[in-house]
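Text of the file input28.tsv, holding TSV, C-alpha atoms:
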```
chain	number	residue	atom	x	y	z
A	1288	MET	CA	-29.51	-24.45	5.32
A	1289	ALA	CA	-26.38	-26.52	4.74
A	1290	ASP	CA	-25.73	-28.88	7.63
A	1291	ARG	CA	-22.06	-27.99	7.58
A	1292	VAL	CA	-19.98	-25.40	5.67
A	1293	THR	CA	-16.21	-25.79	5.53
A	1294	VAL	CA	-14.06	-23.12	3.87
A	1295	ILE	CA	-10.71	-24.50	2.73
A	1296	GLY	CA	-7.75	-22.38	1.77
A	1297	TRP	CA	-5.54	-23.74	-0.98
A	1298	ASP	CA	-1.98	-22.56	-1.63
A	1299	GLY	CA	-0.94	-25.21	-4.13
A	1300	SER	CA	0.32	-27.69	-1.58
A	1301	PRO	CA	-1.45	-31.05	-0.97
A	1302	LEU	CA	-4.65	-30.78	1.05
A	1303	THR	CA	-4.31	-31.45	4.76
A	1304	GLU	CA	-6.00	-34.44	6.37
A	1305	ALA	CA	-8.76	-32.19	7.73
A	1306	ALA	CA	-9.31	-30.63	4.30
A	1307	ARG	CA	-9.40	-34.01	2.53
A	1308	SER	CA	-11.90	-35.32	5.06
A	1309	ALA	CA	-14.21	-32.32	4.54
A	1310	VAL	CA	-13.97	-32.53	0.75
A	1311	GLY	CA	-14.58	-36.27	0.78
A	1312	ALA	CA	-17.81	-35.83	2.73
A	1313	ALA	CA	-19.07	-32.87	0.69
A	1314	THR	CA	-22.33	-32.96	-1.23
A	1315	LEU	CA	-21.71	-29.46	-2.65
A	1316	VAL	CA	-18.36	-27.91	-3.59
A	1317	ALA	CA	-17.87	-24.31	-4.68
A	1318	GLY	CA	-14.64	-22.94	-6.07
A	1319	ALA	CA	-12.74	-21.70	-9.11
A	1320	ALA	CA	-12.20	-23.98	-12.10
A	1321	HIS	CA	-8.82	-25.24	-10.87
A	1322	HIS	CA	-10.33	-26.04	-7.47
A	1323	LEU	CA	-13.22	-28.01	-8.96
A	1324	ALA	CA	-10.71	-30.10	-10.92
A	1325	LEU	CA	-9.07	-31.48	-7.74
A	1326	PRO	CA	-9.26	-35.29	-7.70
A	1327	GLU	CA	-10.41	-35.35	-4.05
A	1328	ILE	CA	-13.85	-33.95	-4.93
A	1329	PRO	CA	-16.51	-36.72	-4.90
A	1330	PRO	CA	-17.96	-37.33	-8.38
A	1331	THR	CA	-21.51	-37.13	-6.98
A	1332	ALA	CA	-21.03	-33.72	-5.35
A	1333	GLU	CA	-22.79	-30.70	-6.84
A	1334	ARG	CA	-20.22	-28.25	-8.20
A	1335	ILE	CA	-20.62	-24.47	-8.26
A	1336	ARG	CA	-18.20	-22.26	-10.19
A	1337	LEU	CA	-17.32	-19.48	-7.76
A	1338	GLY	CA	-17.93	-16.16	-9.47
A	1339	SER	CA	-20.11	-14.09	-7.17
A	1340	VAL	CA	-19.49	-15.24	-3.59
A	1341	ASP	CA	-22.79	-13.70	-2.56
A	1342	LEU	CA	-24.75	-15.81	-5.07
A	1343	ALA	CA	-22.84	-18.92	-4.03
A	1344	ALA	CA	-23.64	-18.19	-0.37
A	1345	ARG	CA	-27.35	-18.02	-1.18
A	1346	ARG	CA	-27.17	-21.38	-2.97
A	1347	ILE	CA	-25.25	-22.91	-0.05
A	1348	ALA	CA	-27.82	-21.57	2.41
A	1349	GLN	CA	-30.52	-23.50	0.51
A	1350	HIS	CA	-28.52	-26.73	0.33
A	1351	ARG	CA	-29.13	-29.67	2.64
A	1352	GLY	CA	-25.89	-31.53	3.18
A	1353	SER	CA	-22.22	-30.78	3.67
A	1354	ALA	CA	-20.87	-27.84	1.67
A	1355	VAL	CA	-17.23	-27.01	0.97
A	1356	VAL	CA	-15.93	-23.72	-0.40
A	1357	LEU	CA	-12.40	-23.75	-1.86
A	1358	ALA	CA	-10.46	-20.49	-2.13
A	1359	ASP	CA	-6.90	-19.51	-2.96
A	1360	GLY	CA	-4.64	-18.58	-0.07
A	1361	ASP	CA	-6.05	-17.77	3.35
A	1362	PRO	CA	-9.84	-17.39	2.90
A	1363	GLY	CA	-10.08	-15.25	6.03
A	1364	PHE	CA	-7.68	-12.61	4.68
A	1365	PHE	CA	-9.45	-10.44	2.09
A	1366	GLY	CA	-11.31	-13.65	1.24
A	1367	VAL	CA	-14.66	-15.39	1.08
A	1368	VAL	CA	-15.16	-15.88	4.82
A	1369	ARG	CA	-16.41	-12.32	5.30
A	1370	THR	CA	-19.17	-12.74	2.72
A	1371	LEU	CA	-20.16	-16.22	3.86
A	1372	ARG	CA	-20.51	-15.00	7.44
A	1373	ALA	CA	-22.74	-12.06	6.51
A	1374	PRO	CA	-25.89	-12.07	8.69
A	1375	GLU	CA	-28.27	-12.36	5.74
A	1376	HIS	CA	-26.89	-15.79	4.84
A	1377	GLY	CA	-27.00	-17.23	8.36
A	1378	LEU	CA	-24.09	-19.59	7.71
A	1379	GLU	CA	-21.81	-20.98	10.40
A	1380	VAL	CA	-18.48	-21.82	8.84
A	1381	GLU	CA	-15.41	-23.80	9.79
A	1382	VAL	CA	-12.18	-22.55	8.23
A	1383	VAL	CA	-9.14	-24.59	7.20
A	1384	PRO	CA	-6.55	-21.88	6.42
A	1385	ALA	CA	-3.57	-21.92	4.10
A	1386	VAL	CA	-0.64	-19.61	3.45
A	1387	SER	CA	-2.05	-16.30	2.23
A	1388	SER	CA	-1.25	-15.13	-1.28
A	1389	VAL	CA	0.47	-12.06	0.18
A	1390	ALA	CA	2.73	-14.16	2.42
A	1391	ALA	CA	3.54	-16.43	-0.51
A	1392	ALA	CA	4.34	-13.49	-2.78
A	1393	PHE	CA	6.76	-11.93	-0.28
A	1394	ALA	CA	8.31	-15.35	0.31
A	1395	ARG	CA	8.94	-15.73	-3.42
A	1396	ALA	CA	10.49	-12.26	-3.43
A	1397	GLY	CA	12.59	-13.05	-0.34
A	1398	MET	CA	11.35	-9.93	1.46
A	1399	PRO	CA	9.85	-9.20	4.90
A	1400	TRP	CA	6.31	-7.89	4.83
A	1401	ASP	CA	5.39	-6.76	8.33
A	1402	ASP	CA	6.08	-3.18	7.16
A	1403	ALA	CA	3.93	-3.43	4.02
A	1404	GLN	CA	0.59	-1.85	3.28
A	1405	ILE	CA	-1.87	-4.41	1.88
A	1406	VAL	CA	-4.74	-3.36	-0.36
A	1407	ALA	CA	-7.37	-5.14	-2.42
A	1408	ALA	CA	-7.84	-3.53	-5.82
A	1409	HIS	CA	-11.12	-3.50	-7.73
A	1410	ALA	CA	-11.90	-1.82	-11.03
A	1411	ARG	CA	-14.53	0.42	-9.40
A	1412	ASP	CA	-12.09	2.02	-6.94
A	1413	LEU	CA	-8.63	1.21	-8.29
A	1414	ARG	CA	-7.44	4.79	-7.80
A	1415	ARG	CA	-7.51	4.36	-4.02
A	1416	ALA	CA	-5.11	1.42	-4.24
A	1417	VAL	CA	-2.92	3.47	-6.59
A	1418	ASN	CA	-2.88	6.34	-4.09
A	1419	VAL	CA	-1.57	3.98	-1.41
A	1420	CYS	CA	1.17	2.91	-3.83
A	1421	ARG	CA	2.03	6.58	-4.37
A	1422	ALA	CA	2.27	7.28	-0.65
A	1423	HIS	CA	4.03	4.21	0.77
A	1424	PRO	CA	7.34	2.50	-0.06
A	1425	LYS	CA	6.09	-1.10	0.12
A	1426	VAL	CA	2.58	-2.15	-0.87
A	1427	ALA	CA	1.07	-5.54	-1.73
A	1428	VAL	CA	-1.85	-5.28	-4.11
A	1429	LEU	CA	-4.35	-8.13	-4.37
A	1430	THR	CA	-5.56	-7.58	-7.91
A	1431	SER	CA	-8.78	-8.47	-9.72
A	1432	PRO	CA	-9.92	-8.50	-13.36
A	1433	GLY	CA	-9.72	-4.96	-14.70
A	1434	ALA	CA	-7.53	-3.91	-11.77
A	1435	GLY	CA	-4.24	-5.67	-12.44
A	1436	PRO	CA	-0.58	-4.72	-12.90
A	1437	ALA	CA	-1.15	-2.94	-16.23
A	1438	GLU	CA	-3.95	-0.78	-14.84
A	1439	LEU	CA	-1.91	0.03	-11.72
A	1440	ALA	CA	1.01	1.14	-13.88
A	1441	LEU	CA	-1.15	3.32	-16.13
A	1442	LEU	CA	-2.68	5.18	-13.17
A	1443	LEU	CA	0.70	5.66	-11.46
A	1444	GLY	CA	1.85	7.51	-14.56
A	1445	PRO	CA	5.16	9.33	-13.96
A	1446	VAL	CA	5.51	7.99	-10.40
A	1447	HIS	CA	8.28	5.40	-10.74
A	1448	ARG	CA	7.92	2.11	-8.86
A	1449	THR	CA	9.27	-1.42	-9.13
A	1450	PHE	CA	6.69	-4.20	-9.52
A	1451	VAL	CA	7.20	-7.76	-8.33
A	1452	ILE	CA	4.36	-9.56	-10.09
A	1453	CYS	CA	3.47	-13.03	-8.83
A	1454	GLU	CA	1.14	-14.87	-11.20
A	1455	GLU	CA	-0.89	-17.98	-10.39
A	1456	LEU	CA	0.88	-18.69	-7.11
A	1457	GLY	CA	0.86	-22.33	-6.04
A	1458	THR	CA	0.09	-23.71	-9.49
A	1459	GLU	CA	2.28	-25.30	-12.15
A	1460	ARG	CA	2.10	-22.04	-14.10
A	1461	GLU	CA	3.42	-19.90	-11.23
A	1462	GLN	CA	5.70	-17.11	-12.42
A	1463	VAL	CA	7.43	-14.22	-10.65
A	1464	THR	CA	8.47	-11.21	-12.73
A	1465	VAL	CA	10.31	-8.06	-11.65
A	1466	VAL	CA	9.62	-5.08	-13.88
A	1467	THR	CA	9.57	-1.29	-13.62
A	1468	SER	CA	6.13	0.28	-13.53
A	1469	ASP	CA	6.60	2.04	-16.87
A	1470	ARG	CA	6.92	-1.37	-18.57
A	1471	ALA	CA	4.15	-3.22	-16.72
A	1472	ALA	CA	1.45	-1.75	-18.94
A	1473	ASP	CA	2.97	-3.35	-22.05
A	1474	HIS	CA	2.22	-6.93	-20.99
A	1475	ALA	CA	-0.86	-9.11	-20.47
A	1476	TRP	CA	-0.69	-10.62	-16.98
A	1477	ARG	CA	-2.43	-13.81	-15.87
A	1478	ASP	CA	-5.03	-13.86	-13.10
A	1479	PRO	CA	-4.89	-14.33	-10.23
A	1480	ASN	CA	-1.82	-12.36	-9.31
A	1481	VAL	CA	-0.33	-10.36	-6.46
A	1482	VAL	CA	1.73	-7.24	-7.16
A	1483	ILE	CA	4.37	-6.06	-4.69
A	1484	VAL	CA	4.94	-2.36	-5.37
A	1485	ILE	CA	8.29	-1.03	-4.18
A	1486	GLY	CA	9.66	2.49	-4.27
A	1487	GLY	CA	11.06	5.43	-2.38
A	1488	SER	CA	12.72	4.89	1.00
A	1489	VAL	CA	12.04	1.15	1.34
A	1490	ALA	CA	15.74	0.27	1.36
A	1491	ALA	CA	16.31	2.25	4.55
A	1492	ALA	CA	13.09	0.98	6.09
A	1493	SER	CA	14.01	-2.66	5.57
A	1494	ARG	CA	17.22	-2.53	7.61
A	1495	ALA	CA	15.52	-2.34	11.00
A	1496	GLY	CA	12.62	-4.24	12.42
A	1497	GLY	CA	9.42	-2.62	13.59
A	1498	TRP	CA	6.91	-3.40	16.30
A	1499	ILE	CA	3.54	-2.81	14.59
A	1500	ALA	CA	2.40	-4.33	11.31
A	1501	GLY	CA	1.47	-2.17	8.34
A	1502	HIS	CA	3.85	0.69	9.15
A	1503	GLU	CA	7.30	1.49	7.89
A	1504	SER	CA	10.13	0.95	10.37
A	1505	GLY	CA	10.54	3.85	12.74
A	1506	TYR	CA	6.79	4.25	13.35
A	1507	PRO	CA	5.69	6.32	15.15
A	1508	PRO	CA	7.55	9.15	13.39
A	1509	PRO	CA	10.35	10.88	15.30
A	1510	VAL	CA	8.45	14.19	15.33
A	1511	ARG	CA	5.26	14.13	17.38
A	1512	GLY	CA	2.20	16.06	16.28
A	1513	TRP	CA	1.16	17.94	13.18
A	1514	ALA	CA	0.85	21.59	12.15
A	1515	LEU	CA	4.43	21.81	13.38
A	1516	PRO	CA	5.96	25.16	14.32
A	1517	ALA	CA	8.03	27.05	11.79
A	1518	ASP	CA	11.34	26.06	13.39
A	1519	ALA	CA	10.66	22.40	12.52
A	1520	TYR	CA	11.37	23.27	8.88
A	1521	ALA	CA	14.70	24.21	7.38
A	1522	THR	CA	13.31	27.14	5.40
A	1523	ALA	CA	11.15	30.19	5.99
A	1524	LEU	CA	7.40	29.62	5.78
A	1525	GLY	CA	5.11	31.81	3.69
A	1526	GLU	CA	2.17	33.82	5.03
A	1527	GLY	CA	-0.24	31.04	4.03
A	1528	GLU	CA	1.78	28.40	5.87
A	1529	ARG	CA	1.62	29.77	9.40
A	1530	THR	CA	1.15	27.11	12.05
A	1531	GLU	CA	-2.35	28.08	13.18
A	1532	LEU	CA	-3.66	28.52	9.63
A	1533	ARG	CA	-2.06	25.26	8.54
A	1534	ALA	CA	-3.64	23.43	11.48
A	1535	ALA	CA	-7.11	24.66	10.53
A	1536	GLN	CA	-6.55	23.80	6.86
A	1537	LEU	CA	-5.42	20.25	7.64
A	1538	ALA	CA	-8.33	19.75	10.04
A	1539	ARG	CA	-10.82	20.67	7.31
A	1540	LEU	CA	-9.06	18.64	4.61
A	1541	GLY	CA	-8.89	15.49	6.73
A	1542	PRO	CA	-6.28	13.70	4.55
A	1543	ARG	CA	-6.29	9.91	4.98
A	1544	VAL	CA	-4.90	6.71	3.53
A	1545	GLY	CA	-6.19	6.17	-0.01
A	1546	ASP	CA	-6.72	9.89	-0.68
A	1547	LEU	CA	-4.92	12.00	-3.25
A	1548	VAL	CA	-4.22	15.53	-2.02
A	1549	TRP	CA	-3.37	18.43	-4.30
A	1550	ASP	CA	-1.34	21.17	-2.59
A	1551	ILE	CA	-1.28	24.07	-5.04
A	1552	GLY	CA	1.19	26.79	-4.23
A	1553	ALA	CA	2.99	24.44	-1.89
A	1554	GLY	CA	5.63	26.97	-0.84
A	1555	SER	CA	8.06	25.34	1.58
A	1556	GLY	CA	6.10	22.07	1.46
A	1557	ALA	CA	5.06	22.14	5.12
A	1558	ALA	CA	1.36	21.44	4.44
A	1559	ALA	CA	2.13	18.88	1.72
A	1560	VAL	CA	4.49	16.93	3.97
A	1561	GLU	CA	2.06	16.96	6.89
A	1562	ALA	CA	-0.75	15.68	4.66
A	1563	ALA	CA	1.59	12.88	3.56
A	1564	ARG	CA	2.34	12.06	7.20
A	1565	PHE	CA	-1.35	11.16	7.58
A	1566	GLY	CA	-0.80	8.47	4.94
A	1567	ALA	CA	-2.34	10.29	1.98
A	1568	ALA	CA	-0.78	10.52	-1.46
A	1569	VAL	CA	0.21	14.11	-2.23
A	1570	ILE	CA	1.00	16.10	-5.35
A	1571	ALA	CA	2.67	19.39	-4.46
A	1572	VAL	CA	2.48	22.06	-7.17
A	1573	ASP	CA	4.42	25.33	-7.32
A	1574	ARG	CA	5.54	27.67	-10.08
A	1575	ASP	CA	8.78	28.52	-8.24
A	1576	PRO	CA	11.52	25.94	-8.88
A	1577	GLU	CA	13.19	26.86	-5.59
A	1578	ALA	CA	9.94	26.12	-3.71
A	1579	CYS	CA	9.77	22.75	-5.49
A	1580	ARG	CA	13.29	21.94	-4.34
A	1581	HIS	CA	12.43	22.94	-0.76
A	1582	THR	CA	9.33	20.74	-0.82
A	1583	ALA	CA	11.27	17.73	-2.10
A	1584	ALA	CA	13.98	18.27	0.53
A	1585	THR	CA	11.41	18.62	3.32
A	1586	ALA	CA	9.74	15.37	2.24
A	1587	ARG	CA	13.08	13.57	2.42
A	1588	ARG	CA	13.79	14.98	5.88
A	1589	PHE	CA	10.46	13.75	7.22
A	1590	GLY	CA	10.64	10.39	5.43
A	1591	VAL	CA	7.46	10.76	3.37
A	1592	GLN	CA	6.83	10.27	-0.32
A	1593	LEU	CA	5.13	12.85	-2.49
A	1594	GLN	CA	5.20	14.01	-6.09
A	1595	VAL	CA	6.45	17.53	-6.81
A	1596	VAL	CA	5.19	19.23	-9.97
A	1597	HIS	CA	6.73	22.46	-11.25
A	1598	GLY	CA	4.20	24.60	-13.09
A	1599	THR	CA	1.65	27.37	-12.90
A	1600	ALA	CA	-1.94	26.69	-11.91
A	1601	PRO	CA	-4.53	26.35	-13.28
A	1602	HIS	CA	-2.90	25.18	-16.55
A	1603	VAL	CA	-0.60	22.64	-14.92
A	1604	LEU	CA	-3.54	20.94	-13.22
A	1605	GLU	CA	-5.05	19.61	-16.46
A	1606	ASP	CA	-2.85	16.50	-16.62
A	1607	LEU	CA	-2.94	15.63	-12.90
A	1608	PRO	CA	-4.97	12.65	-11.62
A	1609	GLU	CA	-8.26	13.35	-9.86
A	1610	PRO	CA	-7.89	14.71	-6.30
A	1611	ASP	CA	-9.94	13.81	-3.24
A	1612	VAL	CA	-9.15	17.04	-1.39
A	1613	VAL	CA	-7.33	20.21	-2.41
A	1614	ARG	CA	-5.37	22.83	-0.49
A	1615	ILE	CA	-4.73	26.06	-2.39
A	1616	GLY	CA	-1.89	28.12	-1.01
A	1617	ALA	CA	-1.82	30.61	-3.89
A	1618	GLY	CA	-3.78	31.47	-7.00
A	1619	GLY	CA	-7.02	32.93	-5.71
A	1620	ALA	CA	-10.45	32.56	-7.31
A	1621	PRO	CA	-9.29	31.41	-10.79
A	1622	VAL	CA	-7.47	28.42	-9.30
A	1623	VAL	CA	-10.44	27.70	-7.01
A	1624	THR	CA	-12.73	27.62	-10.05
A	1625	ALA	CA	-10.41	25.23	-11.90
A	1626	CYS	CA	-10.20	22.92	-8.89
A	1627	ALA	CA	-13.96	22.95	-8.32
A	1628	ALA	CA	-14.42	21.70	-11.89
A	1629	ARG	CA	-12.53	18.53	-10.92
A	1630	ARG	CA	-15.06	17.84	-8.12
A	1631	PRO	CA	-12.84	17.06	-5.11
A	1632	GLU	CA	-14.69	16.38	-1.88
A	1633	ARG	CA	-13.18	19.42	-0.16
A	1634	ILE	CA	-11.27	22.55	-1.13
A	1635	VAL	CA	-9.45	24.66	1.45
A	1636	THR	CA	-7.70	27.98	0.91
A	1637	HIS	CA	-7.16	31.37	2.54
A	1638	ALA	CA	-7.37	35.07	1.73
A	1639	ALA	CA	-5.61	38.14	3.07
A	1640	THR	CA	-8.46	40.61	2.42
A	1641	ARG	CA	-12.24	40.54	2.61
A	1642	ASP	CA	-12.61	41.32	-1.10
A	1643	GLU	CA	-10.42	38.34	-1.97
A	1644	ALA	CA	-12.34	36.14	0.48
A	1645	GLU	CA	-15.67	37.14	-1.10
A	1646	ALA	CA	-14.35	36.35	-4.60
A	1647	ILE	CA	-13.14	32.93	-3.49
A	1648	GLY	CA	-16.41	32.25	-1.67
A	1649	ARG	CA	-18.37	33.03	-4.86
A	1650	ALA	CA	-16.15	30.74	-6.89
A	1651	LEU	CA	-16.72	27.89	-4.44
A	1652	ALA	CA	-20.49	28.42	-4.30
A	1653	GLU	CA	-20.80	28.63	-8.10
A	1654	GLY	CA	-18.80	25.40	-8.31
A	1655	GLY	CA	-21.35	23.54	-6.19
A	1656	TYR	CA	-19.68	23.78	-2.78
A	1657	ALA	CA	-21.06	24.69	0.62
A	1658	VAL	CA	-18.83	27.52	1.82
A	1659	GLU	CA	-17.43	28.20	5.28
A	1660	CYS	CA	-15.35	31.29	6.07
A	1661	VAL	CA	-13.63	31.98	9.37
A	1662	LEU	CA	-11.48	34.96	10.30
A	1663	LEU	CA	-8.45	33.58	12.10
A	1664	GLN	CA	-6.25	35.73	14.29
A	1665	ALA	CA	-3.11	34.38	15.92
A	1666	VAL	CA	-1.03	36.36	18.37
A	1667	GLU	CA	2.40	35.02	19.30
A	1668	LEU	CA	3.54	36.06	22.78
A	1669	ASP	CA	7.00	36.49	24.22
A	1670	THR	CA	6.55	34.48	27.41
A	1671	SER	CA	9.55	36.04	29.12
A	1672	ALA	CA	7.67	39.33	29.33
A	1673	TRP	CA	4.19	38.22	28.17
A	1674	THR	CA	4.20	40.82	25.45
A	1675	GLU	CA	2.99	40.52	21.88
A	1676	ARG	CA	5.70	39.33	19.50
A	1677	GLU	CA	3.77	38.87	16.25
A	1678	ARG	CA	0.16	39.02	15.04
A	1679	ALA	CA	-1.29	37.31	11.96
A	1680	VAL	CA	-4.79	37.60	10.50
A	1681	ALA	CA	-6.26	35.59	7.60
A	1682	PHE	CA	-9.60	34.47	6.21
A	1683	LEU	CA	-9.84	30.67	6.14
A	1684	LEU	CA	-12.20	29.43	3.43
A	1685	SER	CA	-13.31	25.86	2.94
A	1686	GLY	CA	-15.72	24.31	0.49
A	1687	ARG	CA	-17.55	21.00	0.95
A	1688	ARG	CA	-18.96	19.37	-2.16
A	1689	THR	CA	-22.74	19.26	-1.91
A	1690	HIS	CA	-23.38	16.72	-4.69
A	1691	PRO	CA	-21.29	14.30	-6.80
```
What's the structure tokens form of this structure?
Amino acid sequence: MADRVTVIGWDGSPLTEAARSAVGAATLVAGAAHHLALPEIPPTAERIRLGSVDLAARRIAQHRGSAVVLADGDPGFFGVVRTLRAPEHGLEVEVVPAVSSVAAAFARAGMPWDDAQIVAAHARDLRRAVNVCRAHPKVAVLTSPGAGPAELALLLGPVHRTFVICEELGTEREQVTVVTSDRAADHAWRDPNVVIVIGGSVAAASRAGGWIAGHESGYPPPVRGWALPADAYATALGEGERTELRAAQLARLGPRVGDLVWDIGAGSGAAAVEAARFGAAVIAVDRDPEACRHTAATARRFGVQLQVVHGTAPHVLEDLPEPDVVRIGAGGAPVVTACAARRPERIVTHAATRDEAEAIGRALAEGGYAVECVLLQAVELDTSAWTERERAVAFLLSGRRTHP
């Protein structure tokens, strides 16, 4: 095992005295090509080009001497420290931090960043980073090869955002470019880079300070709770949007940050907006243009971002990006079948009659989903006289994907 492992962050500024001392005493240095070219590295030191951090950690664990790992920005923030400290390597590390790439990017842009979401994008799961960009007004994306500004823009599609692209921060080739997302795909960007993705209500959010990092100003939201009562919305709710049914649907969907939710037959937009309040990206679909307008207005009132698509399911679903979970407010078994073909993790819908519930259940089962059906009955009481005011009955159906 290495006698000593020092991880040094580098932000382009001269190395600190502590960093120079560690590098000068190193018998092994790992880093990117521009790190290994630093004049402070002893000519006799073994040099490792840092590709796979895990492989480098194994080599360091076998080395006898003083090892130094150089990394861009703050190595403890989405950096190499996590891998080096993994139990299987048994390394004890000392960290010399630097300004993180995210902090540097926002500094170049002249923007605060305590209210920003920060995500690391990789080619294997880029869509999750894109979903965060869909759902939040200010996101910093730490990119990687195959998951850069062009790929982000292509997956965002018609969702308009502004990109602040910071290339090779801290080097002589540093460049900051502001471009709309529809133009980002037309350019080859240099690695490494950080992309600040801006859109939606960020202008209002930036005027006031917050108290917790990673949330837009005004968090927590002014309205407490979810599955809000009908009077919280400025329009009448449909039969499939009743508070108790909506609560059960949201509980089974479990929308979360990084998810994309389809809400098909969105109606007033109550369920779509509440899914967005959990931090998920949402596409609300309805064939009624008036319902689409209500959904967009409700989203603005509650300060959430979602995409509204006017069209009739299942045909309109063909061009939509892949969902993680789906709520179906209208359309019955044919729409359920179309959604099941896209393999979301969960599908939730409802039926007014047993025959309709059985048809939907068959469609879910044939699509490879484990089916749950619950008969929900809600009775609203007039508490002044404790008499029944209104009764609602519906079959709640949910499908859980049983295999990929």
Name the residues within 10 Å of (0.1, 4.4, -11.9), counting all atoms listed in the file in the file's coordinates, and put them as a ChimeraX atom specification. /A:1413-1414,1416-1418,1420-1421,1436-1448,1468-1469,1471-1472,1608
Close residues, A:Arg1334 itself excluded, 7 Å, all atoms listed in the file, min 6 positions apart in chain, as an mmCIF file with C-alpha atoms, in the coordinates of the input:
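Written out: selection10.cif:
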```
data_model
loop_
_atom_site.group_PDB
_atom_site.id
_atom_site.type_symbol
_atom_site.label_atom_id
_atom_site.label_comp_id
_atom_site.auth_asym_id
_atom_site.auth_seq_id
_atom_site.Cartn_x
_atom_site.Cartn_y
_atom_site.Cartn_z
ATOM 1 C CA LEU A 1315 -21.710 -29.460 -2.650
ATOM 2 C CA VAL A 1316 -18.360 -27.910 -3.590
ATOM 3 C CA ALA A 1317 -17.870 -24.310 -4.680
#
```
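Here the residues that fall within 8 Å of (-24.6, -21.2, 0.4), using all atoms listed in the file, are given as Met1288, Ala1289, Leu1342, Ala1343, Ala1344, Arg1345, Arg1346, Ile1347, Ala1348, Gln1349, His1350, Ala1354, Leu1371, His1376 and Leu1378 of chain A.
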How would the residues just picked look written out with C-alpha atoms as a PDB file, keeping the file's coordinate frame?
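out_6.pdb written:
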```
ATOM      1  CA  MET A1288     -29.510 -24.450   5.320  1.00  0.00           C
ATOM      2  CA  ALA A1289     -26.380 -26.520   4.740  1.00  0.00           C
ATOM      3  CA  LEU A1342     -24.750 -15.810  -5.070  1.00  0.00           C
ATOM      4  CA  ALA A1343     -22.840 -18.920  -4.030  1.00  0.00           C
ATOM      5  CA  ALA A1344     -23.640 -18.190  -0.370  1.00  0.00           C
ATOM      6  CA  ARG A1345     -27.350 -18.020  -1.180  1.00  0.00           C
ATOM      7  CA  ARG A1346     -27.170 -21.380  -2.970  1.00  0.00           C
ATOM      8  CA  ILE A1347     -25.250 -22.910  -0.050  1.00  0.00           C
ATOM      9  CA  ALA A1348     -27.820 -21.570   2.410  1.00  0.00           C
ATOM     10  CA  GLN A1349     -30.520 -23.500   0.510  1.00  0.00           C
ATOM     11  CA  HIS A1350     -28.520 -26.730   0.330  1.00  0.00           C
ATOM     12  CA  ALA A1354     -20.870 -27.840   1.670  1.00  0.00           C
ATOM     13  CA  LEU A1371     -20.160 -16.220   3.860  1.00  0.00           C
ATOM     14  CA  HIS A1376     -26.890 -15.790   4.840  1.00  0.00           C
ATOM     15  CA  LEU A1378     -24.090 -19.590   7.710  1.00  0.00           C
TER      16      LEU A1378
END
```
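One distance worth recording is that between atom CA of A:Ile1499 and atom CA of A:Pro1542, which is 21.7 Å.
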Looking at all atoms listed in the file, which of A:Thr1670, A:Leu1323, A:Gly1338, A:Val1368 is the one that sits closest to A:Thr1293?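 Answer, going by the shortest atom-to-atom distance: A:Val1368.
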Check the smallest atom-to-atom distance from each of A:Ala1319, A:Ala1627, A:Ala1617, A:Leu1607 to A:Glu1653 using all atoms listed in the file, then report the winner.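 Among the listed residues, A:Ala1627 lies closest to A:Glu1653.
Atom to atom, atom CA of A:Gly1618 and atom CA of A:Thr1636 stand 9.5 Å apart.
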Need to verify the contact set: A:Ala1628, 12 Å, only C-alpha atoms, exclusion of same-chain residues closer than 6 positions in sequence. Can you return it as an NGL selection string? :A and (1601 or 1604-1605 or 1609-1610 or 1613 or 1621-1622 or 1634 or 1650-1656 or 1688 or 1691)
Quick one: of A:Ala1568, A:Ala1534, A:Ala1586, A:Val1389, who's nearest to A:Ala1521, counting all atoms listed in the file? A:Ala1586
Between atom CA of A:Gly1545 and atom CA of A:Val1419 lies a distance of 5.3 Å
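Between A:Ala1557 and the residues A:Thr1689, A:Ser1431, A:Gln1536, A:Asn1480, the shortest atom-to-atom distance, using all atoms listed in the file, involves A:Gln1536.
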Which is closer to A:Arg1307 than all the others in A:Pro1329, A:Gly1686, A:Pro1516, A:Gly1360, using only C-alpha atoms?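 Once distances to A:Arg1307 are computed over only C-alpha atoms, the minimum belongs to A:Pro1329.
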Write out as a list in words each polymer residue whose atoms come within 12 Å of A:Thr1303, counting all atoms listed in the file; drop sequence neighbours fewer than 6 positions from it.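 So the residues in contact are Ile1295, Gly1296, Trp1297, Ala1309, Val1310, Glu1327, Val1383, Pro1384 and Ala1385 of chain A.
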Take the residues that were just selected and, keeping C-alpha atoms, output them as an mmCIF file, in the coordinates of the input.
```
data_model
loop_
_atom_site.group_PDB
_atom_site.id
_atom_site.type_symbol
_atom_site.label_atom_id
_atom_site.label_comp_id
_atom_site.auth_asym_id
_atom_site.auth_seq_id
_atom_site.Cartn_x
_atom_site.Cartn_y
_atom_site.Cartn_z
ATOM 1 C CA ILE A 1295 -10.710 -24.500 2.730
ATOM 2 C CA GLY A 1296 -7.750 -22.380 1.770
ATOM 3 C CA TRP A 1297 -5.540 -23.740 -0.980
ATOM 4 C CA ALA A 1309 -14.210 -32.320 4.540
ATOM 5 C CA VAL A 1310 -13.970 -32.530 0.750
ATOM 6 C CA GLU A 1327 -10.410 -35.350 -4.050
ATOM 7 C CA VAL A 1383 -9.140 -24.590 7.200
ATOM 8 C CA PRO A 1384 -6.550 -21.880 6.420
ATOM 9 C CA ALA A 1385 -3.570 -21.920 4.100
#
```
